[in-house]
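Below is run29.csv, holding CSV, N, CA and C atoms.
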```
chain,number,residue,atom,x,y,z
A,23,LYS,N,-10.8,-62.0,-2.4
A,23,LYS,CA,-11.2,-62.6,-1.2
A,23,LYS,C,-12.2,-61.7,-0.4
A,24,GLU,N,-13.0,-62.3,0.4
A,24,GLU,CA,-14.0,-61.5,1.2
A,24,GLU,C,-14.0,-61.9,2.6
A,25,CYS,N,-14.2,-60.9,3.5
A,25,CYS,CA,-14.4,-61.2,4.9
A,25,CYS,C,-15.7,-60.5,5.3
A,26,LEU,N,-16.5,-61.1,6.2
A,26,LEU,CA,-17.7,-60.5,6.6
A,26,LEU,C,-17.7,-60.4,8.1
A,27,PHE,N,-18.2,-59.2,8.7
A,27,PHE,CA,-18.5,-59.2,10.1
A,27,PHE,C,-19.7,-58.3,10.3
A,28,TRP,N,-20.5,-58.7,11.2
A,28,TRP,CA,-21.7,-57.9,11.4
A,28,TRP,C,-22.3,-58.2,12.8
A,29,GLY,N,-23.0,-57.3,13.3
A,29,GLY,CA,-23.8,-57.5,14.6
A,29,GLY,C,-22.9,-57.8,15.8
A,30,ASP,N,-23.3,-58.8,16.5
A,30,ASP,CA,-22.8,-59.0,17.9
A,30,ASP,C,-21.7,-60.1,18.0
A,31,PRO,N,-20.6,-59.9,17.6
A,31,PRO,CA,-20.2,-59.8,16.2
A,31,PRO,C,-20.1,-61.2,15.6
A,32,HIS,N,-20.7,-61.3,14.5
A,32,HIS,CA,-20.5,-62.5,13.6
A,32,HIS,C,-19.4,-62.2,12.7
A,33,VAL,N,-18.5,-63.2,12.6
A,33,VAL,CA,-17.3,-62.9,11.7
A,33,VAL,C,-17.1,-64.1,10.8
A,34,GLN,N,-16.8,-63.8,9.6
A,34,GLN,CA,-16.2,-64.9,8.7
A,34,GLN,C,-14.9,-64.3,8.1
A,35,THR,N,-13.8,-64.9,8.4
A,35,THR,CA,-12.5,-64.4,8.0
A,35,THR,C,-12.2,-64.6,6.6
A,36,PHE,N,-11.2,-64.0,6.1
A,36,PHE,CA,-10.8,-64.2,4.7
A,36,PHE,C,-10.5,-65.6,4.3
A,37,ASP,N,-10.0,-66.4,5.3
A,37,ASP,CA,-9.7,-67.8,5.1
A,37,ASP,C,-10.9,-68.8,5.4
A,38,GLY,N,-12.1,-68.2,5.7
A,38,GLY,CA,-13.3,-69.0,5.9
A,38,GLY,C,-13.5,-69.3,7.4
A,39,GLY,N,-12.7,-68.9,8.3
A,39,GLY,CA,-12.9,-69.2,9.7
A,39,GLY,C,-14.1,-68.4,10.2
A,40,ARG,N,-14.6,-68.9,11.4
A,40,ARG,CA,-15.8,-68.3,12.0
A,40,ARG,C,-15.6,-68.1,13.5
A,41,PRO,N,-14.6,-67.3,13.9
A,41,PRO,CA,-14.4,-67.0,15.3
A,41,PRO,C,-15.5,-66.3,16.0
A,42,SER,N,-15.7,-66.5,17.3
A,42,SER,CA,-16.7,-65.8,18.0
A,42,SER,C,-16.0,-65.1,19.2
A,43,PHE,N,-16.4,-63.9,19.4
A,43,PHE,CA,-15.9,-63.1,20.6
A,43,PHE,C,-16.9,-62.1,20.9
A,44,TYR,N,-17.1,-61.9,22.2
A,44,TYR,CA,-18.2,-61.0,22.7
A,44,TYR,C,-17.7,-60.0,23.6
A,45,GLY,N,-16.4,-59.8,23.8
A,45,GLY,CA,-15.9,-58.8,24.7
A,45,GLY,C,-15.8,-57.4,24.1
A,46,ASP,N,-15.9,-56.4,25.0
A,46,ASP,CA,-15.7,-55.1,24.5
A,46,ASP,C,-14.2,-54.9,24.2
A,47,GLY,N,-14.0,-54.0,23.2
A,47,GLY,CA,-12.6,-53.6,22.8
A,47,GLY,C,-12.5,-53.2,21.4
A,48,GLU,N,-11.3,-52.9,21.0
A,48,GLU,CA,-11.0,-52.5,19.6
A,48,GLU,C,-10.1,-53.6,19.1
A,49,TYR,N,-10.4,-54.1,17.9
A,49,TYR,CA,-9.7,-55.2,17.3
A,49,TYR,C,-9.3,-54.9,15.8
A,50,TRP,N,-8.2,-55.4,15.4
A,50,TRP,CA,-7.8,-55.2,14.0
A,50,TRP,C,-8.6,-56.2,13.1
A,51,ILE,N,-9.1,-55.7,12.1
A,51,ILE,CA,-9.8,-56.5,11.1
A,51,ILE,C,-8.8,-56.8,10.0
A,52,VAL,N,-8.1,-55.8,9.5
A,52,VAL,CA,-7.0,-55.9,8.6
A,52,VAL,C,-5.9,-55.0,9.0
A,53,LYS,N,-4.7,-55.5,9.1
A,53,LYS,CA,-3.6,-54.7,9.4
A,53,LYS,C,-2.4,-55.2,8.6
A,54,ASN,N,-1.9,-54.4,7.7
A,54,ASN,CA,-0.6,-54.6,7.1
A,54,ASN,C,0.1,-53.3,6.9
A,55,ASP,N,1.1,-53.2,6.1
A,55,ASP,CA,1.9,-52.0,6.0
A,55,ASP,C,1.1,-50.9,5.4
A,56,ASP,N,0.1,-51.2,4.5
A,56,ASP,CA,-0.7,-50.2,3.8
A,56,ASP,C,-2.1,-50.0,4.3
A,57,VAL,N,-2.8,-51.1,4.7
A,57,VAL,CA,-4.2,-51.1,5.0
A,57,VAL,C,-4.4,-51.3,6.5
A,58,HIS,N,-5.1,-50.4,7.1
A,58,HIS,CA,-5.4,-50.5,8.5
A,58,HIS,C,-7.0,-50.4,8.7
A,59,ILE,N,-7.6,-51.5,9.1
A,59,ILE,CA,-9.1,-51.5,9.4
A,59,ILE,C,-9.3,-52.0,10.7
A,60,GLN,N,-10.0,-51.2,11.6
A,60,GLN,CA,-10.2,-51.6,13.0
A,60,GLN,C,-11.7,-51.6,13.2
A,61,GLY,N,-12.2,-52.5,14.2
A,61,GLY,CA,-13.5,-52.5,14.6
A,61,GLY,C,-13.6,-52.2,16.1
A,62,ARG,N,-14.5,-51.5,16.6
A,62,ARG,CA,-14.8,-51.3,18.0
A,62,ARG,C,-16.0,-52.0,18.4
A,63,TYR,N,-15.9,-52.8,19.5
A,63,TYR,CA,-17.1,-53.6,19.9
A,63,TYR,C,-17.4,-53.3,21.4
A,64,MET,N,-18.7,-53.1,21.6
A,64,MET,CA,-19.2,-52.7,22.9
A,64,MET,C,-20.6,-53.4,23.1
A,65,GLY,N,-20.9,-53.7,24.4
A,65,GLY,CA,-22.2,-54.3,24.7
A,65,GLY,C,-23.3,-53.3,24.5
A,66,THR,N,-24.5,-53.8,24.1
A,66,THR,CA,-25.6,-52.9,24.0
A,66,THR,C,-26.8,-53.5,24.7
A,67,GLU,N,-27.8,-52.7,24.9
A,67,GLU,CA,-29.1,-53.2,25.4
A,67,GLU,C,-29.7,-54.2,24.5
A,68,TYR,N,-29.7,-54.0,23.2
A,68,TYR,CA,-30.3,-54.9,22.2
A,68,TYR,C,-29.6,-56.3,22.3
A,69,THR,N,-28.3,-56.3,22.5
A,69,THR,CA,-27.6,-57.6,22.6
A,69,THR,C,-27.4,-58.1,24.0
A,70,LEU,N,-28.2,-57.5,24.9
A,70,LEU,CA,-28.1,-58.0,26.3
A,70,LEU,C,-26.7,-57.9,26.9
A,71,GLY,N,-26.0,-56.9,26.5
A,71,GLY,CA,-24.7,-56.6,27.1
A,71,GLY,C,-23.5,-57.3,26.3
A,72,LEU,N,-23.8,-58.2,25.4
A,72,LEU,CA,-22.8,-58.8,24.5
A,72,LEU,C,-22.3,-57.7,23.6
A,73,ALA,N,-21.0,-57.8,23.2
A,73,ALA,CA,-20.4,-56.8,22.3
A,73,ALA,C,-21.0,-56.9,20.9
A,74,ALA,N,-21.2,-55.8,20.4
A,74,ALA,CA,-21.7,-55.6,19.0
A,74,ALA,C,-20.7,-54.6,18.3
A,75,THR,N,-20.7,-54.6,17.0
A,75,THR,CA,-19.8,-53.7,16.2
A,75,THR,C,-20.4,-52.3,16.5
A,76,GLN,N,-19.5,-51.4,17.0
A,76,GLN,CA,-19.9,-50.0,17.3
A,76,GLN,C,-19.2,-49.0,16.4
A,77,LYS,N,-18.1,-49.3,15.8
A,77,LYS,CA,-17.5,-48.4,14.9
A,77,LYS,C,-16.5,-49.2,14.1
A,78,VAL,N,-16.3,-48.7,12.8
A,78,VAL,CA,-15.4,-49.2,11.9
A,78,VAL,C,-14.5,-48.1,11.5
A,79,ALA,N,-13.2,-48.3,11.5
A,79,ALA,CA,-12.2,-47.2,11.1
A,79,ALA,C,-11.3,-47.8,10.0
A,80,VAL,N,-11.2,-47.0,8.9
A,80,VAL,CA,-10.3,-47.4,7.8
A,80,VAL,C,-9.3,-46.3,7.7
A,81,GLY,N,-8.0,-46.7,7.6
A,81,GLY,CA,-6.9,-45.7,7.4
A,81,GLY,C,-5.7,-46.4,6.9
A,82,GLY,N,-4.6,-45.7,6.9
A,82,GLY,CA,-3.3,-46.2,6.5
A,82,GLY,C,-2.8,-45.5,5.2
A,83,PRO,N,-1.6,-45.8,4.8
A,83,PRO,CA,-1.0,-45.2,3.6
A,83,PRO,C,-1.8,-45.4,2.3
A,84,PHE,N,-2.6,-46.5,2.2
A,84,PHE,CA,-3.4,-46.7,1.0
A,84,PHE,C,-4.5,-45.7,0.8
A,85,VAL,N,-4.9,-44.9,1.8
A,85,VAL,CA,-5.8,-43.8,1.7
A,85,VAL,C,-5.1,-42.5,2.1
A,86,ASN,N,-3.8,-42.4,1.8
A,86,ASN,CA,-3.0,-41.2,2.1
A,86,ASN,C,-3.1,-40.8,3.5
A,87,ASN,N,-3.2,-41.8,4.4
A,87,ASN,CA,-3.2,-41.7,5.9
A,87,ASN,C,-4.4,-40.9,6.4
A,88,HIS,N,-5.5,-40.8,5.6
A,88,HIS,CA,-6.7,-40.3,6.1
A,88,HIS,C,-7.4,-41.4,6.9
A,89,VAL,N,-8.3,-41.0,7.8
A,89,VAL,CA,-9.1,-42.0,8.6
A,89,VAL,C,-10.6,-41.8,8.3
A,90,ILE,N,-11.2,-42.8,7.9
A,90,ILE,CA,-12.7,-42.9,7.6
A,90,ILE,C,-13.3,-43.7,8.7
A,91,GLU,N,-14.2,-43.1,9.5
A,91,GLU,CA,-14.9,-43.8,10.6
A,91,GLU,C,-16.4,-43.8,10.4
A,92,VAL,N,-17.0,-45.0,10.7
A,92,VAL,CA,-18.4,-45.1,10.5
A,92,VAL,C,-19.0,-45.7,11.8
A,93,GLU,N,-19.9,-44.9,12.4
A,93,GLU,CA,-20.6,-45.3,13.7
A,93,GLU,C,-22.0,-45.7,13.4
A,94,PRO,N,-22.7,-46.3,14.4
A,94,PRO,CA,-24.1,-46.6,14.3
A,94,PRO,C,-24.9,-45.3,14.2
A,95,MET,N,-26.2,-45.5,14.0
A,95,MET,CA,-27.1,-44.3,13.9
A,95,MET,C,-27.3,-43.6,15.2
A,96,GLN,N,-27.4,-44.4,16.3
A,96,GLN,CA,-27.7,-43.9,17.6
A,96,GLN,C,-26.7,-43.0,18.1
A,97,GLN,N,-27.1,-41.8,18.6
A,97,GLN,CA,-26.2,-40.8,19.1
A,97,GLN,C,-25.4,-41.2,20.3
A,98,ALA,N,-25.9,-42.1,21.1
A,98,ALA,CA,-25.2,-42.6,22.3
A,98,ALA,C,-24.0,-43.4,21.9
A,99,PHE,N,-23.9,-43.9,20.6
A,99,PHE,CA,-22.8,-44.6,20.1
A,99,PHE,C,-22.0,-43.8,19.0
A,100,GLY,N,-22.2,-42.5,19.0
A,100,GLY,CA,-21.5,-41.6,18.1
A,100,GLY,C,-22.5,-41.1,17.1
A,101,GLY,N,-23.1,-41.9,16.3
A,101,GLY,CA,-24.1,-41.5,15.3
A,101,GLY,C,-23.6,-40.8,14.1
A,102,ARG,N,-22.3,-40.9,13.8
A,102,ARG,CA,-21.7,-40.1,12.8
A,102,ARG,C,-20.9,-40.9,11.8
A,103,ILE,N,-20.6,-40.2,10.6
A,103,ILE,CA,-19.6,-40.7,9.7
A,103,ILE,C,-18.5,-39.6,9.7
A,104,LEU,N,-17.3,-40.0,9.9
A,104,LEU,CA,-16.2,-39.0,10.1
A,104,LEU,C,-15.1,-39.3,9.1
A,105,ILE,N,-14.5,-38.2,8.6
A,105,ILE,CA,-13.2,-38.3,7.9
A,105,ILE,C,-12.2,-37.3,8.6
A,106,ASP,N,-11.1,-37.9,9.0
A,106,ASP,CA,-10.1,-37.2,9.8
A,106,ASP,C,-10.7,-36.5,11.0
A,107,GLY,N,-11.7,-37.1,11.6
A,107,GLY,CA,-12.3,-36.5,12.8
A,107,GLY,C,-13.4,-35.5,12.6
A,108,VAL,N,-13.7,-35.2,11.3
A,108,VAL,CA,-14.7,-34.2,11.0
A,108,VAL,C,-15.9,-34.9,10.5
A,109,GLU,N,-17.1,-34.6,11.0
A,109,GLU,CA,-18.3,-35.2,10.6
A,109,GLU,C,-18.7,-34.8,9.1
A,110,VAL,N,-19.0,-35.9,8.3
A,110,VAL,CA,-19.4,-35.7,6.9
A,110,VAL,C,-20.6,-36.5,6.7
A,111,LEU,N,-21.3,-36.3,5.5
A,111,LEU,CA,-22.4,-37.1,5.1
A,111,LEU,C,-23.5,-37.3,6.2
A,112,LYS,N,-23.9,-36.1,6.7
A,112,LYS,CA,-25.1,-36.2,7.7
A,112,LYS,C,-26.3,-36.7,7.0
A,113,ASN,N,-26.4,-36.5,5.7
A,113,ASN,CA,-27.5,-37.1,4.9
A,113,ASN,C,-26.9,-37.9,3.8
A,114,PHE,N,-27.7,-38.6,3.0
A,114,PHE,CA,-27.3,-39.4,1.9
A,114,PHE,C,-26.5,-38.6,0.9
A,115,GLY,N,-25.4,-39.1,0.4
A,115,GLY,CA,-24.6,-38.4,-0.5
A,115,GLY,C,-23.2,-39.2,-0.7
A,116,THR,N,-22.3,-38.5,-1.4
A,116,THR,CA,-21.0,-39.1,-1.7
A,116,THR,C,-19.9,-38.0,-1.5
A,117,ILE,N,-18.8,-38.5,-1.0
A,117,ILE,CA,-17.6,-37.7,-0.8
A,117,ILE,C,-16.4,-38.5,-1.1
A,118,SER,N,-15.3,-37.9,-1.6
A,118,SER,CA,-14.1,-38.6,-1.9
A,118,SER,C,-12.9,-38.0,-1.1
A,119,VAL,N,-12.0,-38.9,-0.7
A,119,VAL,CA,-10.8,-38.5,0.0
A,119,VAL,C,-9.7,-39.6,-0.1
A,120,GLY,N,-8.5,-39.1,-0.4
A,120,GLY,CA,-7.4,-40.0,-0.4
A,120,GLY,C,-7.5,-41.2,-1.4
A,121,GLY,N,-8.2,-41.0,-2.5
A,121,GLY,CA,-8.4,-42.0,-3.5
A,121,GLY,C,-9.5,-42.9,-3.2
A,122,ALA,N,-10.3,-42.6,-2.1
A,122,ALA,CA,-11.4,-43.4,-1.7
A,122,ALA,C,-12.7,-42.6,-2.0
A,123,THR,N,-13.7,-43.3,-2.4
A,123,THR,CA,-15.1,-42.7,-2.6
A,123,THR,C,-16.0,-43.3,-1.5
A,124,VAL,N,-16.6,-42.5,-0.7
A,124,VAL,CA,-17.5,-42.9,0.3
A,124,VAL,C,-18.9,-42.5,-0.1
A,125,THR,N,-19.9,-43.4,-0.2
A,125,THR,CA,-21.3,-43.1,-0.5
A,125,THR,C,-22.2,-43.6,0.6
A,126,TYR,N,-23.1,-42.8,1.0
A,126,TYR,CA,-24.0,-43.1,2.0
A,126,TYR,C,-25.4,-43.1,1.4
A,127,ASN,N,-26.1,-44.2,1.5
A,127,ASN,CA,-27.5,-44.3,0.9
A,127,ASN,C,-28.3,-45.4,1.5
A,128,ASP,N,-29.4,-45.8,0.9
A,128,ASP,CA,-30.2,-46.8,1.4
A,128,ASP,C,-30.3,-48.0,0.5
A,129,GLN,N,-29.2,-48.2,-0.3
A,129,GLN,CA,-29.1,-49.3,-1.3
A,129,GLN,C,-28.2,-50.4,-0.9
A,130,GLY,N,-28.6,-51.6,-0.9
A,130,GLY,CA,-27.7,-52.7,-0.6
A,130,GLY,C,-28.5,-53.9,-0.1
A,131,THR,N,-27.9,-55.1,-0.2
A,131,THR,CA,-28.5,-56.3,0.3
A,131,THR,C,-28.0,-56.6,1.7
A,132,LEU,N,-28.9,-56.9,2.6
A,132,LEU,CA,-28.5,-57.1,4.0
A,132,LEU,C,-27.8,-58.5,4.2
A,133,VAL,N,-26.8,-58.5,5.0
A,133,VAL,CA,-26.1,-59.8,5.4
A,133,VAL,C,-27.0,-60.6,6.2
A,134,ASP,N,-27.8,-60.0,7.1
A,134,ASP,CA,-28.7,-60.7,8.1
A,134,ASP,C,-30.1,-60.1,7.9
A,135,GLU,N,-31.0,-60.9,7.5
A,135,GLU,CA,-32.4,-60.5,7.3
A,135,GLU,C,-33.1,-60.0,8.5
A,136,ALA,N,-32.5,-60.4,9.7
A,136,ALA,CA,-33.1,-59.9,11.0
A,136,ALA,C,-33.0,-58.4,11.0
A,137,ALA,N,-32.1,-57.8,10.3
A,137,ALA,CA,-32.0,-56.3,10.3
A,137,ALA,C,-32.9,-55.6,9.4
A,138,SER,N,-33.7,-56.4,8.6
A,138,SER,CA,-34.7,-55.8,7.7
A,138,SER,C,-35.8,-55.1,8.3
A,139,ILE,N,-35.9,-55.1,9.6
A,139,ILE,CA,-37.0,-54.4,10.3
A,139,ILE,C,-36.7,-52.9,10.4
A,140,TRP,N,-35.4,-52.5,10.2
A,140,TRP,CA,-35.0,-51.1,10.2
A,140,TRP,C,-34.8,-50.6,8.9
A,141,ASP,N,-34.9,-49.2,8.8
A,141,ASP,CA,-34.5,-48.5,7.5
A,141,ASP,C,-33.0,-48.8,7.2
A,142,LYS,N,-32.7,-48.9,5.9
A,142,LYS,CA,-31.4,-49.1,5.5
A,142,LYS,C,-30.6,-47.8,5.5
A,143,ASN,N,-29.5,-47.8,6.2
A,143,ASN,CA,-28.5,-46.6,6.2
A,143,ASN,C,-27.2,-47.3,6.0
A,144,ILE,N,-26.7,-47.2,4.7
A,144,ILE,CA,-25.6,-48.0,4.3
A,144,ILE,C,-24.5,-47.1,3.8
A,145,VAL,N,-23.3,-47.4,4.2
A,145,VAL,CA,-22.1,-46.7,3.8
A,145,VAL,C,-21.3,-47.7,2.9
A,146,HIS,N,-21.0,-47.2,1.7
A,146,HIS,CA,-20.2,-48.0,0.7
A,146,HIS,C,-18.9,-47.3,0.5
A,147,MET,N,-17.8,-48.0,0.7
A,147,MET,CA,-16.5,-47.4,0.5
A,147,MET,C,-15.8,-48.1,-0.7
A,148,ASP,N,-15.5,-47.4,-1.7
A,148,ASP,CA,-14.7,-47.9,-2.8
A,148,ASP,C,-13.3,-47.3,-2.5
A,149,LEU,N,-12.4,-48.2,-2.1
A,149,LEU,CA,-11.1,-47.9,-1.7
A,149,LEU,C,-10.0,-48.2,-2.7
A,150,PRO,N,-8.8,-47.6,-2.5
A,150,PRO,CA,-7.7,-48.0,-3.4
A,150,PRO,C,-7.4,-49.5,-3.3
A,151,GLN,N,-6.6,-50.0,-4.2
A,151,GLN,CA,-6.1,-51.4,-4.3
A,151,GLN,C,-7.2,-52.4,-4.5
A,152,GLY,N,-8.4,-51.9,-5.1
A,152,GLY,CA,-9.5,-52.7,-5.4
A,152,GLY,C,-10.3,-53.2,-4.1
A,153,ILE,N,-10.1,-52.5,-3.0
A,153,ILE,CA,-10.8,-52.9,-1.8
A,153,ILE,C,-12.1,-52.2,-1.7
A,154,SER,N,-13.2,-52.9,-1.4
A,154,SER,CA,-14.5,-52.3,-1.2
A,154,SER,C,-15.0,-52.7,0.2
A,155,MET,N,-15.8,-51.9,0.8
A,155,MET,CA,-16.3,-52.2,2.1
A,155,MET,C,-17.7,-51.6,2.2
A,156,THR,N,-18.6,-52.3,2.8
A,156,THR,CA,-20.0,-51.9,3.0
A,156,THR,C,-20.3,-52.0,4.5
A,157,VAL,N,-20.8,-50.9,5.1
A,157,VAL,CA,-21.1,-50.8,6.5
A,157,VAL,C,-22.6,-50.5,6.6
A,158,TYR,N,-23.3,-51.4,7.3
A,158,TYR,CA,-24.8,-51.2,7.5
A,158,TYR,C,-24.9,-50.5,8.9
A,159,ARG,N,-25.5,-49.3,8.9
A,159,ARG,CA,-25.6,-48.6,10.2
A,159,ARG,C,-27.1,-48.7,10.7
A,160,TRP,N,-27.2,-48.9,12.0
A,160,TRP,CA,-28.6,-48.9,12.6
A,160,TRP,C,-28.4,-48.5,14.0
A,161,GLY,N,-29.5,-48.1,14.7
A,161,GLY,CA,-29.5,-47.8,16.1
A,161,GLY,C,-29.4,-49.0,16.9
A,162,ASN,N,-28.8,-48.9,18.1
A,162,ASN,CA,-28.7,-50.0,19.0
A,162,ASN,C,-29.6,-49.9,20.1
```

I need this file expressed as C-alpha coordinates, please.
Amino acid sequence: KECLFWGDPHVQTFDGGRPSFYGDGEYWIVKNDDVHIQGRYMGTEYTLGLAATQKVAVGGPFVNNHVIEVEPMQQAFGGRILIDGVEVLKNFGTISVGGATVTYNDQGTLVDEAASIWDKNIVHMDLPQGISMTVYRWGN
(Lines of atoms letter the chains of each structure in order from A and count residues from 1; the text may use other names and numbers.)
(Lines give C-alpha, C1' and ligand atoms only; values in the text may rest on other atoms or scores of the structure.)
Protein backbone atom coordinates (compact mmCIF):
# COMPACT_ATOMS: atom_id res chain seq x y z
CA LYS A 1 0.00 0.00 0.00
CA GLU A 2 1.04 3.58 -0.54
CA CYS A 3 0.25 6.90 1.06
CA LEU A 4 1.34 10.28 -0.28
CA PHE A 5 1.61 13.66 1.38
CA TRP A 6 3.25 16.77 0.02
CA GLY A 7 3.20 20.51 0.16
CA ASP A 8 0.50 22.48 1.88
CA PRO A 9 -0.45 19.56 2.78
CA HIS A 10 -1.97 17.39 0.10
CA VAL A 11 -2.66 13.93 1.50
CA GLN A 12 -3.70 10.63 0.00
CA THR A 13 -4.16 8.04 2.75
CA PHE A 14 -3.40 4.32 2.56
CA ASP A 15 -7.12 3.66 2.01
CA GLY A 16 -7.42 6.28 -0.78
CA GLY A 17 -8.91 9.09 1.32
CA ARG A 18 -8.02 12.73 0.53
CA PRO A 19 -8.34 14.72 3.78
CA SER A 20 -7.42 18.40 3.84
CA PHE A 21 -6.04 20.29 6.81
CA TYR A 22 -4.14 23.52 6.95
CA GLY A 23 -3.47 24.14 10.63
CA ASP A 24 -0.07 24.23 12.28
CA GLY A 25 0.87 21.22 14.37
CA GLU A 26 2.44 17.80 14.52
CA TYR A 27 0.40 14.87 13.26
CA TRP A 28 0.86 11.11 13.11
CA ILE A 29 1.20 9.79 9.59
CA VAL A 30 1.76 6.20 10.73
CA LYS A 31 1.61 5.01 14.33
CA ASN A 32 1.54 1.43 15.47
CA ASP A 33 3.56 -0.58 17.97
CA ASP A 34 6.62 -0.72 15.67
CA VAL A 35 6.43 2.17 13.18
CA HIS A 36 6.23 5.83 14.22
CA ILE A 37 6.11 8.46 11.44
CA GLN A 38 5.14 12.06 12.20
CA GLY A 39 4.81 15.21 10.16
CA ARG A 40 5.17 18.81 11.36
CA TYR A 41 3.08 21.42 9.55
CA MET A 42 3.56 25.19 9.73
CA GLY A 43 2.46 28.18 7.68
CA THR A 44 4.95 29.69 5.23
CA GLU A 45 5.22 32.85 3.20
CA TYR A 46 5.02 30.74 0.03
CA THR A 47 1.69 29.19 1.14
CA LEU A 48 0.32 32.54 2.37
CA GLY A 49 0.27 31.28 5.95
CA LEU A 50 -1.39 27.93 5.26
CA ALA A 51 0.39 24.97 6.80
CA ALA A 52 2.91 23.06 4.72
CA THR A 53 5.01 20.02 5.59
CA GLN A 54 8.00 21.31 7.58
CA LYS A 55 9.51 18.14 8.99
CA VAL A 56 9.09 14.40 8.78
CA ALA A 57 10.31 12.15 11.61
CA VAL A 58 10.65 8.36 11.41
CA GLY A 59 11.29 6.25 14.51
CA GLY A 60 10.12 3.35 16.62
CA PRO A 61 11.25 -0.19 17.39
CA PHE A 62 11.41 -1.11 13.67
CA VAL A 63 14.53 1.14 13.36
CA ASN A 64 15.91 0.14 16.78
CA ASN A 65 14.38 3.30 18.29
CA HIS A 66 16.58 5.62 16.25
CA VAL A 67 14.93 8.81 14.97
CA ILE A 68 15.47 10.03 11.40
CA GLU A 69 14.31 13.62 10.77
CA VAL A 70 14.14 15.44 7.44
CA GLU A 71 13.63 19.21 7.28
CA PRO A 72 13.23 21.62 4.33
CA MET A 73 16.33 23.20 2.78
CA GLN A 74 15.68 26.65 4.26
CA GLN A 75 17.61 27.30 7.48
CA ALA A 76 14.65 29.14 9.01
CA PHE A 77 12.82 25.78 9.04
CA GLY A 78 15.79 23.72 10.21
CA GLY A 79 17.54 22.96 6.92
CA ARG A 80 18.95 19.64 8.15
CA ILE A 81 18.77 15.88 7.97
CA LEU A 82 19.19 14.43 11.48
CA ILE A 83 19.70 11.01 13.00
CA ASP A 84 19.16 10.90 16.75
CA GLY A 85 19.44 14.69 16.85
CA VAL A 86 22.82 14.80 15.08
CA GLU A 87 23.07 16.44 11.66
CA VAL A 88 24.09 14.04 8.87
CA LEU A 89 24.25 14.15 5.08
CA LYS A 90 25.05 17.84 4.69
CA ASN A 91 25.85 16.89 1.09
CA PHE A 92 24.58 14.10 -1.16
CA GLY A 93 25.49 10.65 0.14
CA THR A 94 24.26 7.58 2.02
CA ILE A 95 24.20 6.56 5.67
CA SER A 96 22.79 3.50 7.46
CA VAL A 97 21.29 3.22 10.95
CA GLY A 98 19.03 0.73 12.72
CA GLY A 99 18.50 -1.40 9.61
CA ALA A 100 17.57 1.70 7.56
CA THR A 101 19.51 3.14 4.64
CA VAL A 102 19.12 6.88 4.06
CA THR A 103 20.28 8.27 0.71
CA TYR A 104 20.31 11.98 -0.14
CA ASN A 105 20.57 12.84 -3.85
CA ASP A 106 18.91 14.62 -6.78
CA GLN A 107 17.24 11.54 -8.26
CA GLY A 108 13.50 10.93 -8.32
CA THR A 109 10.17 11.73 -9.91
CA LEU A 110 8.29 14.68 -8.43
CA VAL A 111 4.78 14.14 -7.05
CA ASP A 112 3.82 17.68 -8.08
CA GLU A 113 5.32 19.20 -11.25
CA ALA A 114 4.88 22.68 -9.73
CA ALA A 115 8.01 21.87 -7.69
CA SER A 116 10.06 21.31 -10.86
CA ILE A 117 11.20 24.96 -10.76
CA TRP A 118 13.57 24.07 -7.88
CA ASP A 119 16.65 21.87 -7.77
CA LYS A 120 15.87 18.35 -6.59
CA ASN A 121 17.05 17.59 -3.05
CA ILE A 122 15.58 14.18 -2.31
CA VAL A 123 15.93 11.87 0.70
CA HIS A 124 15.21 8.19 0.06
CA MET A 125 14.70 5.94 3.09
CA ASP A 126 14.81 2.17 2.68
CA LEU A 127 13.44 1.05 6.01
CA PRO A 128 12.91 -2.34 7.67
CA GLN A 129 9.67 -4.29 7.10
CA GLY A 130 9.74 -3.38 3.38
CA ILE A 131 8.82 0.25 4.07
CA SER A 132 10.27 2.94 1.82
CA MET A 133 9.83 6.68 2.05
CA THR A 134 10.89 9.53 -0.21
CA VAL A 135 11.07 13.11 1.05
CA TYR A 136 11.46 16.01 -1.38
CA ARG A 137 13.21 18.94 0.31
CA TRP A 138 13.03 22.55 -0.88
CA GLY A 139 13.18 26.04 0.55
CA ASN A 140 9.98 27.67 1.68

Residues within 7 Å of range 149-151 of chain A, all atoms listed in the file, excluding chain neighbours under 6 positions, as an MDAnalysis selection string: chainID A and resid 84:85 120:123

Closest of A:Tyr44, A:His146, A:Trp140, A:Asp134 to Gly115 in chain A - atom-to-atom distances counting only C-alpha atoms: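 Using only C-alpha atoms, Gly115 in chain A sits closest to A:His146.
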
Helix (DSSP H, G or I) call set, DSSP backbone run, range 41-153 of chain A, as a PyMOL selection string: chain A and resi 83-85+97-99+135-139+150-152

Using only N, CA and C atoms: which of A:Asp106, A:Gly38, A:Gly100, A:Val133 has the shortest distance to Asn87 in chain A: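 The answer is A:Asp106, which sits nearest to Asn87 in chain A.
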
Point-to-point distance from CA of Ile153 in chain A to atom C of Ala136 in chain A, Å rounded to tenths: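 These atoms are spaced 26.2 Å apart.
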
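Distances from A:Gly81, A:Pro31, A:Met155, A:Ala74 to Gln60 in chain A were compared using only N, CA and C atoms, and the smallest one belongs to A:Gly81.
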